[in-house]
Amino acid sequence: MHEVAATPVSGVHRSFPGDPRSPAEVFDEAFAAPGVPRETYGTVVGFLADLGDAELDVRANDVRRILREHGVTCARPHGPRSDEDQPWELDLLPLVLSAAEWTAIEAGLLQRAGLFNRLLSDLYGRQRLIRDGLIPAPLVQANPAYLRACQAVRVPFDQRLQFYAADLGRSPDGRWWVLADLTQAPGGLGFALENRSVLSRVLPEALAAAQPRPLTTVLRAHRTALERLAPPSDRPPAIALLTPGPEDEAYFEHAYLARLQGYTLVEGGDLTVRGRRVLLKTLEGLRGLDVLLRQVDDELCDPLELKPDSPTGVPGLVEAARAGHIALANALGTGLLEGPAFLAFLPGLCRHVLGEELRLPSVATWWCGQARERRHVLDHLHDVALRPAFVPVTGTGSESDAGAVHAGQIESVEATPHAWVGQERVTLSHLPVRTPTGWASRPVVLRVFVVFDGQEYRVMPGGLARVVDAPRLSTVRLPLAVGTKDVWVLSDSAAWDSPVTVAPSRAGQPPASSDLPSRTADALFWLGRYAERLEQLVRLLRSLVHQLAGDPSGAGRRRLASLAGFLRQLGVLPDAPGAVGSADSLGRDVFQVLYQRERPAGVRDLLDRIHRTAFAARDRLSADTWRLLNGLETDARPGAGPLPLVRAGVVLNRLVLGLAALSGMENENMTRGHGWRFFSLGRRTERALAVARQLETLLRFGAPFELLLDPLLEIADSTLTYRQQYAFEPALAGVLQLLLREPGNPRSLAFQLAAIATHSHALPAAANPAGLRHVQEKAVALSGQLPSLRPACSAEWHDAQASDPQLPDHLAAIGRALAEFSDLLTRLFFSHVGPRTD
Amino acid sequence: MKAQRFHVSHTTTYRYRSTVAVGHHLLRLTPRRLPRQLRLEHAIELDPPPADTSRHFDYFGNEVQFVTLEGAHRQLRVTARSEVAVGPAYLPDPAETPAWEAVAQACISDHSLATLEAAEFRFGSPLVAIDPAFARYAAPCFPPGRPLLAAVLDLTAQIHRDFQFDTQATTIATPPARVLELRRGVCQDFAHVEIACLRALGLPARYVSGYLETVPPPGQAKLLGADASHAWIACFCPGLGWVDVDPTNNLLPSLQHITLGWGRDYADVVPIHGVLAGGGEHTLEVAVDVVCRGPVETEPGL
């Protein structure tokens with residue numbers, strides 16, 4: 001036990017201001033009595049109380065900032081986003097468990113995991129437990145989670161359950177109960193690791209004092225255990241993590257775990273079954289996969305043999321598993337045990353299968369398929385929640401409110417009694433949570449994680465605690481939780497965790513995941529394009545804002561009108577037929593493009609696109625890159641109060657800098673792999689398009705040119721270069737030379753086209769050599785299309801006649817060729833036609 | 001009665017609007033081997049030929065062929081040719097079967113392997129949900145104590161009487177509850193309706209997929225469901241096993257029904273189920289030919 005006195009130290013009342021108190025009938029996790037922290041909480045409560053409110057605010061803000069920078073979210077990135085989004089809440093006060101308490105929980109979970117694996121082996125095998133009457137047949141036969149296609153499909157080592165999680169709640173008497181078992185693809189592990197990593201940065205002193213057990217030890221065995229599952233092969237096992245995709249609320253942690261463990265992050269569309277083997281579509285062709293850590297629900301894994309029309313799955317996956325060519329963790333069909341009906345039979349099954357008493361009780365459950373139990377449930381609908389027997393409680397299963405059970409439900413129970421259970425309503429324990437108005441006491445659910453290490457199950461000493469709103473809900477889905485907490489398991493000795501014995505890897509050190517799924521390359525290409533598109537837009541807007549704020553004289557007005565007309569021609573500003581518009585109306589236009597989410601190709605729209613594509617490739621982006629991208633979101637916020645033009649200028653300047661940092665990251669921090677190449681190709685293609693378009697527009701509509709040349713150089717960040725090369729005021733010839741042909745100017749069209757040609761010669765060929773040659777020829781042809789200019793003969797040489805009258809058409813043709821190049825690239829590397837069921 | 005020998009040819013042609021790059025299909029086109037059904041010859045041909053093919057038995061014991069088509073194609077033709085010999089069914093005396101409530105009760109309390117397996121077919125399934133409306137529709141045929149098969153035959157006659165064969169009224173997606181309202185449909189709908197009735201009463205019922213000989217014997221009426229796949233049901237009598245019943249034609253199948261396989265409902269025995277990469281919309285053409293080759297010398301089964 002930790003040597004912290006349970007009684008207040010030196011007479012000081014070491015509690016939280018306001019004395020957050022649980023209702024009398026519930027168990028209070030943190031306080032044994034008002035103002036008296038439990039022994040386990042002494043250190044951390046004392047520490048937080050001593051910090052004081054002001055410092056707590058600072059630390060809470062730190063938590064929010066780090067979470068935002070890391071982009072931690074359990075929300076869907078494609079839904080409507082708002083500036084007030086608080087993607088993930090982590091409270092400063094952890095849930096703390098003593099070593100003794102934990103030992104009991106741990107033993108209970110290990111027993112449960114072992115029992116569940118035995119049950120799954122039997123139920124997907126000979127089903128003796130049904131024949132012997134220990135499991136009523138309807139629990140399996142009437143259970144939609146029972147996958148008949150997976151019956152008798154063999155599984156390596158008969159080990160179906162590799163990962164398991166349980167939701168626990170503590171009743172008023174202080175006992176922990178299992179509220180739900182998660183046996184197919186439990187989520188939350190990545191969030192738990194992230195919570196710990198954030199708290200260890202924000203409350204390092206508290207962690208140093210309390211010394212909670214480290215979380216990651218268990219994960220070391222994670223990869224090795226998966227490798228063991230791979231079918232025999234002469235190459236190192238290839239492991240991928242299958243995610244439903246960026247639409248999924250847990251996508252953050254899928255990407256997080258993939259990056260942490262070195263698995264390739266894949267979606268169903270990245271995989272194809274050929275010759276009963278699962279292959280990954282990479283840029284370099286199809287690559288065999290051996291083990292799939294799937295974070296996709298059972299029935300959504302294969303639209304051919306399981307639920308039709310499930311877009312997240314892989315057609316033929318069940319057949320590949322049947323053939324023994326792919327190992328799945330967890331095996332398909334393990335969701336069978338998630339329905340609450342099994343809870344009613346676990347004590348008997350535990351005695352029969354393991355010869356032991358069930359160590360960790362489940363929430364009291366009555367299965368209505370039994371006459372006596374059904375009677376009990378129907379007679380006690382005020383105290384018992386009526387629930388579908390086969391719908392996981394963690395899912396969207398509806399729960400009847402006390403007294404609100406309607407006649408239809410009763411009829412349904414009578415018609416299909418086997419499909420219903422009654423469950424005791426659980427009163428959860430409470431724990432203080434810091435809210436904007438101070439500390440408050442809230443119910444808490446604890447999720448704990450069990451991993452098979454290749455030889456035995458291991459429990460991660462910690463977990464994810466979720467603070468919930470409804471005290472009587474027995475468990476909640478992640479997004480319904482109003483906040484989360486880290487979970488500290490205290491150690492009863494100074495000794496470190498005994499090291500996990502890791503079975504030696506079959507093929508030595510596993511290689512880091514290098515296969516780049518085509519879909520990810522596609523996302524990176526578009527990330528490059530959108531980032532550049534935003535940069536161009538922001539630079540154009542900034543030039544206008546500078547002009548608006550500048551010289552109000554006649555010359556200034558003429559420059560402003562010219563620039564505004566130019567931006568309208570480019571489509572950056574909304575069309576205003578006739579008049580150029582007053583400075584006021586131009587200002588309004590700028591605000592609209594800058595702040596309105598609804599404006600297509602506006603700043604907000606592009607930021608959303610950047611976010612989406614970055615999200616889809618986030619396992620490939622470094623933490624710093626991610627931080628930068630999230631910073632852009634913050635930079636683009638208008639801030640409080642009215643929106644004077646000067647604020648728009650500040651916002652635009654911040655965005656220019658943030659985007660410049662992103663380019664720097666691309667150039668200095670990204671490994672020169674295919675991912676970087678596609679990102680860079682996207683940027684170069686977009687920039688070439690922008691330069692061609694801007695110069696075309698200038699030549700067609702920009703006369704008299706001299707008013708636009710300065711802004712154009714500023715937009716292209718080439719003002720200094722121009723001054724160094726040409727000793728005179730901007731002239732059309734010089735500007736064209738610099739922006740079109742100057743090979744050393746990283747903003748010139750020549751530079752972009754050369755880079756595109758270079759990149760296209762380094763693209764992987766394996767997938768389609770003929771197609772690649774086509775792309776390369778196209779890139780080279782593009783360079784050849786670069787218009788030649790007549791030599792500038794004098795400083796005054798700047799009128800339209802002097803330049804080639806064909807030049808605008810020439811530039812338009814280059815724009816079309818660039819668009820074709822982008823399409824060609826997309827078709828060659830990224831074309832994924834979604835599966836369809838007939 | 002002598003066993004009859006049949007030749008069945010079942011051709012399905014898909015024409016896709018756009019090119020299919022990869023297609024995976026599960027084929028349930030292989031007639032099941034049964035005590036009274038011999039499979040003499042059988043072959044499935046695909047055009048274009050598959051890159052990969054494998055066979056397994058599904059959960060219900062039906063033979064399934066898994067095929068993968070690689071390489072661009074705009075059309076797929078699947079031809080299954082089978083030569084089978086079908087012996088006469090044993091038709092029990094309905095009055096001798098146990099009371100229907102006793103069968104329902106046995107499904108709950110009897111843990112013998114045969115009953116356990118049969119009891120699985122009394123629960124809701126992907127296409128046939130448990131719905132008290134069907135219990136009400138079937139109630140007149142199931143007075144207390146009535147022998148199971150007598151009641152089932154009565155129900156079969158009632159469905160045959162109440163429902164009109166109409167190929168336009170329903171699609172594969174029409175739920176049985178809607179068919180019950182429409183009182184129209186095809187063999188698949190009638191099978192689902194009768195299954196729903198039996199299950200709503202707690203009785204096991206399974207869906208049988210197969211073919212029907214359509215040339216009428218002299219002096220007898222032509223049976224409906226000509227030149228297509230056919231579907232009927234089977235009900236479970238403890239001690240007797242499964243008894244086939246055809247609600248579309250109001251009879252007990254014997255020498256004119258060729259069994260492909262069975263499951264809980266149509267979803268378990270779809271003849272061709274595929275998932276394609278590409279393809280867009282498609283048209284489908286099915287041609288079934290059942291030719292009776294006359295009695296066979298070696299009597300299968302019984």
# chains A, B, ... in the order shown; residues from 1 in each chain; ligands from 1
>>> interface_residues(of="chain B", to="chain A", cutoff="6 Å", atoms="only C-alpha atoms", output="ChimeraX atom specification")
/B:52,59,120,123,274-278
>>> select_by_dssp(residues="range 56-231 of chain B", states="helix (DSSP H, G or I)", output="number ranges by chain")
B: 94-96, 100-109, 113-122, 132-141, 148-162, 176-182, 187-200
>>> closest_residue(among="B:Thr30, B:Gln75, B:Thr248, B:Ser54", to="Phe165 in chain B", atoms="only C-alpha atoms")
B:Thr248
>>> residues_around(residues="range 533-538 of chain A", least_positions_apart="4", cutoff="9 Å", atoms="only C-alpha atoms", output="PyMOL selection string")
chain A and resi 528-529+542-543+572+594+601-603+606-607+610+652-653+655-656+659-660+683+686-687+690+715-716
>>> closest_residue(among="B:Glu281, B:Glu213, B:Asp268, B:Glu117", to="Gln256 in chain B", atoms="only C-alpha atoms")
B:Glu213
>>> residues_around(residues="Leu26 in chain B", least_positions_apart="4", cutoff="7 Å", atoms="only C-alpha atoms", output="list in words")
Val64, Gln65, Phe66, Val67, Ile272, His273 and Gly274 of chain B
>>> residues_around(residues="Leu252 in chain B", least_positions_apart="2", cutoff="9 Å", atoms="only C-alpha atoms", output="ChimeraX atom specification")
/B:89,91,153,243-247,249-250,254
>>> write_last_selection(atoms="N, CA and C atoms", output="mmCIF file, in the first residue's frame")
data_model
loop_
_atom_site.group_PDB
_atom_site.id
_atom_site.type_symbol
_atom_site.label_atom_id
_atom_site.label_comp_id
_atom_site.auth_asym_id
_atom_site.auth_seq_id
_atom_site.Cartn_x
_atom_site.Cartn_y
_atom_site.Cartn_z
ATOM 1 N N ALA B 89 -40.872 -40.373 -51.902
ATOM 2 C CA ALA B 89 -40.802 -39.944 -50.503
ATOM 3 C C ALA B 89 -41.674 -40.867 -49.659
ATOM 4 N N LEU B 91 -44.403 -41.054 -47.242
ATOM 5 C CA LEU B 91 -45.451 -40.136 -46.823
ATOM 6 C C LEU B 91 -46.179 -40.726 -45.624
ATOM 7 N N LEU B 153 -50.701 -29.860 -43.225
ATOM 8 C CA LEU B 153 -51.345 -30.039 -44.534
ATOM 9 C C LEU B 153 -52.523 -29.076 -44.680
ATOM 10 N N VAL B 243 -40.324 -33.611 -43.080
ATOM 11 C CA VAL B 243 -41.293 -33.948 -44.113
ATOM 12 C C VAL B 243 -41.443 -32.744 -45.034
ATOM 13 N N ASP B 244 -41.198 -32.977 -46.337
ATOM 14 C CA ASP B 244 -41.306 -31.885 -47.304
ATOM 15 C C ASP B 244 -42.760 -31.552 -47.612
ATOM 16 N N VAL B 245 -43.059 -30.278 -47.747
ATOM 17 C CA VAL B 245 -44.409 -29.816 -48.067
ATOM 18 C C VAL B 245 -44.282 -28.669 -49.079
ATOM 19 N N ASP B 246 -45.097 -28.705 -50.126
ATOM 20 C CA ASP B 246 -45.010 -27.674 -51.173
ATOM 21 C C ASP B 246 -46.265 -26.801 -51.149
ATOM 22 N N PRO B 247 -46.205 -25.616 -50.533
ATOM 23 C CA PRO B 247 -47.408 -24.776 -50.434
ATOM 24 C C PRO B 247 -47.838 -24.200 -51.788
ATOM 25 N N ASN B 249 -47.950 -25.731 -54.620
ATOM 26 C CA ASN B 249 -48.751 -26.707 -55.349
ATOM 27 C C ASN B 249 -49.639 -27.555 -54.441
ATOM 28 N N ASN B 250 -49.621 -27.239 -53.154
ATOM 29 C CA ASN B 250 -50.455 -27.937 -52.186
ATOM 30 C C ASN B 250 -50.273 -29.449 -52.253
ATOM 31 N N SER B 254 -42.579 -35.542 -53.959
ATOM 32 C CA SER B 254 -42.054 -36.894 -54.021
ATOM 33 C C SER B 254 -41.198 -37.068 -55.257
#
>>> residues_around(residues="range 98-110 of chain B", least_positions_apart="4", cutoff="10 Å", atoms="only C-alpha atoms", output="NGL selection string")
(:A and (131 or 133 or 136-138 or 369)) or (:B and (94 or 114-122 or 142-152 or 198-199 or 201-204 or 236-239))
>>> write_last_selection(atoms="C-alpha atoms", output="PDB file, in the first residue's frame")
ATOM      1  CA  ARG A 131     -25.801 -30.871 -25.735  1.00  0.00           C
ATOM      2  CA  GLY A 133     -27.520 -28.533 -21.288  1.00  0.00           C
ATOM      3  CA  PRO A 136     -29.456 -23.235 -23.693  1.00  0.00           C
ATOM      4  CA  ALA A 137     -29.468 -23.800 -27.454  1.00  0.00           C
ATOM      5  CA  PRO A 138     -31.323 -20.534 -28.254  1.00  0.00           C
ATOM      6  CA  GLY A 369     -36.039 -17.999 -22.303  1.00  0.00           C
TER       7      GLY A 369
ATOM      8  CA  PRO B  94     -50.808 -37.480 -40.869  1.00  0.00           C
ATOM      9  CA  ALA B 114     -31.773 -34.673 -33.822  1.00  0.00           C
ATOM     10  CA  THR B 115     -34.200 -32.451 -31.950  1.00  0.00           C
ATOM     11  CA  LEU B 116     -31.494 -29.951 -31.000  1.00  0.00           C
ATOM     12  CA  GLU B 117     -30.547 -29.612 -34.636  1.00  0.00           C
ATOM     13  CA  ALA B 118     -34.160 -29.329 -35.766  1.00  0.00           C
ATOM     14  CA  ALA B 119     -35.036 -26.835 -33.039  1.00  0.00           C
ATOM     15  CA  GLU B 120     -32.659 -24.365 -34.609  1.00  0.00           C
ATOM     16  CA  PHE B 121     -35.212 -23.875 -37.386  1.00  0.00           C
ATOM     17  CA  ARG B 122     -37.875 -22.465 -35.084  1.00  0.00           C
ATOM     18  CA  PHE B 142     -53.870 -25.667 -35.319  1.00  0.00           C
ATOM     19  CA  PRO B 143     -56.596 -26.467 -32.829  1.00  0.00           C
ATOM     20  CA  PRO B 144     -55.319 -27.978 -29.580  1.00  0.00           C
ATOM     21  CA  GLY B 145     -54.121 -31.552 -29.844  1.00  0.00           C
ATOM     22  CA  ARG B 146     -54.205 -31.820 -33.613  1.00  0.00           C
ATOM     23  CA  PRO B 147     -51.551 -34.085 -35.116  1.00  0.00           C
ATOM     24  CA  LEU B 148     -48.736 -31.987 -36.507  1.00  0.00           C
ATOM     25  CA  LEU B 149     -48.777 -33.171 -40.099  1.00  0.00           C
ATOM     26  CA  ALA B 150     -52.574 -32.938 -40.343  1.00  0.00           C
ATOM     27  CA  ALA B 151     -52.366 -29.341 -39.194  1.00  0.00           C
ATOM     28  CA  VAL B 152     -49.487 -28.550 -41.564  1.00  0.00           C
ATOM     29  CA  LEU B 198     -44.899 -22.633 -38.193  1.00  0.00           C
ATOM     30  CA  ARG B 199     -42.178 -20.723 -36.366  1.00  0.00           C
ATOM     31  CA  LEU B 201     -46.240 -21.407 -33.276  1.00  0.00           C
ATOM     32  CA  GLY B 202     -42.866 -22.588 -31.997  1.00  0.00           C
ATOM     33  CA  LEU B 203     -42.459 -25.268 -34.657  1.00  0.00           C
ATOM     34  CA  PRO B 204     -39.292 -25.827 -36.693  1.00  0.00           C
ATOM     35  CA  PHE B 236     -40.076 -31.541 -38.425  1.00  0.00           C
ATOM     36  CA  CYS B 237     -41.824 -34.524 -36.848  1.00  0.00           C
ATOM     37  CA  PRO B 238     -39.900 -36.071 -33.960  1.00  0.00           C
ATOM     38  CA  GLY B 239     -39.341 -39.721 -34.789  1.00  0.00           C
TER      39      GLY B 239
END
>>> residues_around(residues="Pro50 in chain B", least_positions_apart="4", cutoff="7 Å", atoms="only C-alpha atoms", output="list in words")
Leu46, Val67, Thr68 and Leu69 of chain B
>>> write_last_selection(atoms="N, CA and C atoms", output="mmCIF file, in the first residue's frame")
data_model
loop_
_atom_site.group_PDB
_atom_site.id
_atom_site.type_symbol
_atom_site.label_atom_id
_atom_site.label_comp_id
_atom_site.auth_asym_id
_atom_site.auth_seq_id
_atom_site.Cartn_x
_atom_site.Cartn_y
_atom_site.Cartn_z
ATOM 1 N N LEU B 46 -18.124 -22.255 -65.834
ATOM 2 C CA LEU B 46 -18.202 -20.801 -65.833
ATOM 3 C C LEU B 46 -17.551 -20.234 -67.078
ATOM 4 N N VAL B 67 -15.928 -19.308 -56.027
ATOM 5 C CA VAL B 67 -15.141 -19.024 -57.230
ATOM 6 C C VAL B 67 -14.695 -17.571 -57.248
ATOM 7 N N THR B 68 -13.517 -17.348 -57.796
ATOM 8 C CA THR B 68 -12.997 -15.993 -57.982
ATOM 9 C C THR B 68 -12.758 -15.770 -59.470
ATOM 10 N N LEU B 69 -13.311 -14.706 -59.992
ATOM 11 C CA LEU B 69 -13.051 -14.339 -61.384
ATOM 12 C C LEU B 69 -12.131 -13.143 -61.393
#
>>> select_by_dssp(residues="range 26-226 of chain B", states="strand (DSSP E or B)", output="PyMOL selection string")
chain B and resi 26-27+34+37-47+52-57+63-86+99+147+164-165+184-185+205-212
>>> closest_residue(among="B:Ala177, B:Leu251, B:Val208, B:Pro140", to="Thr156 in chain B", atoms="only C-alpha atoms")
B:Leu251
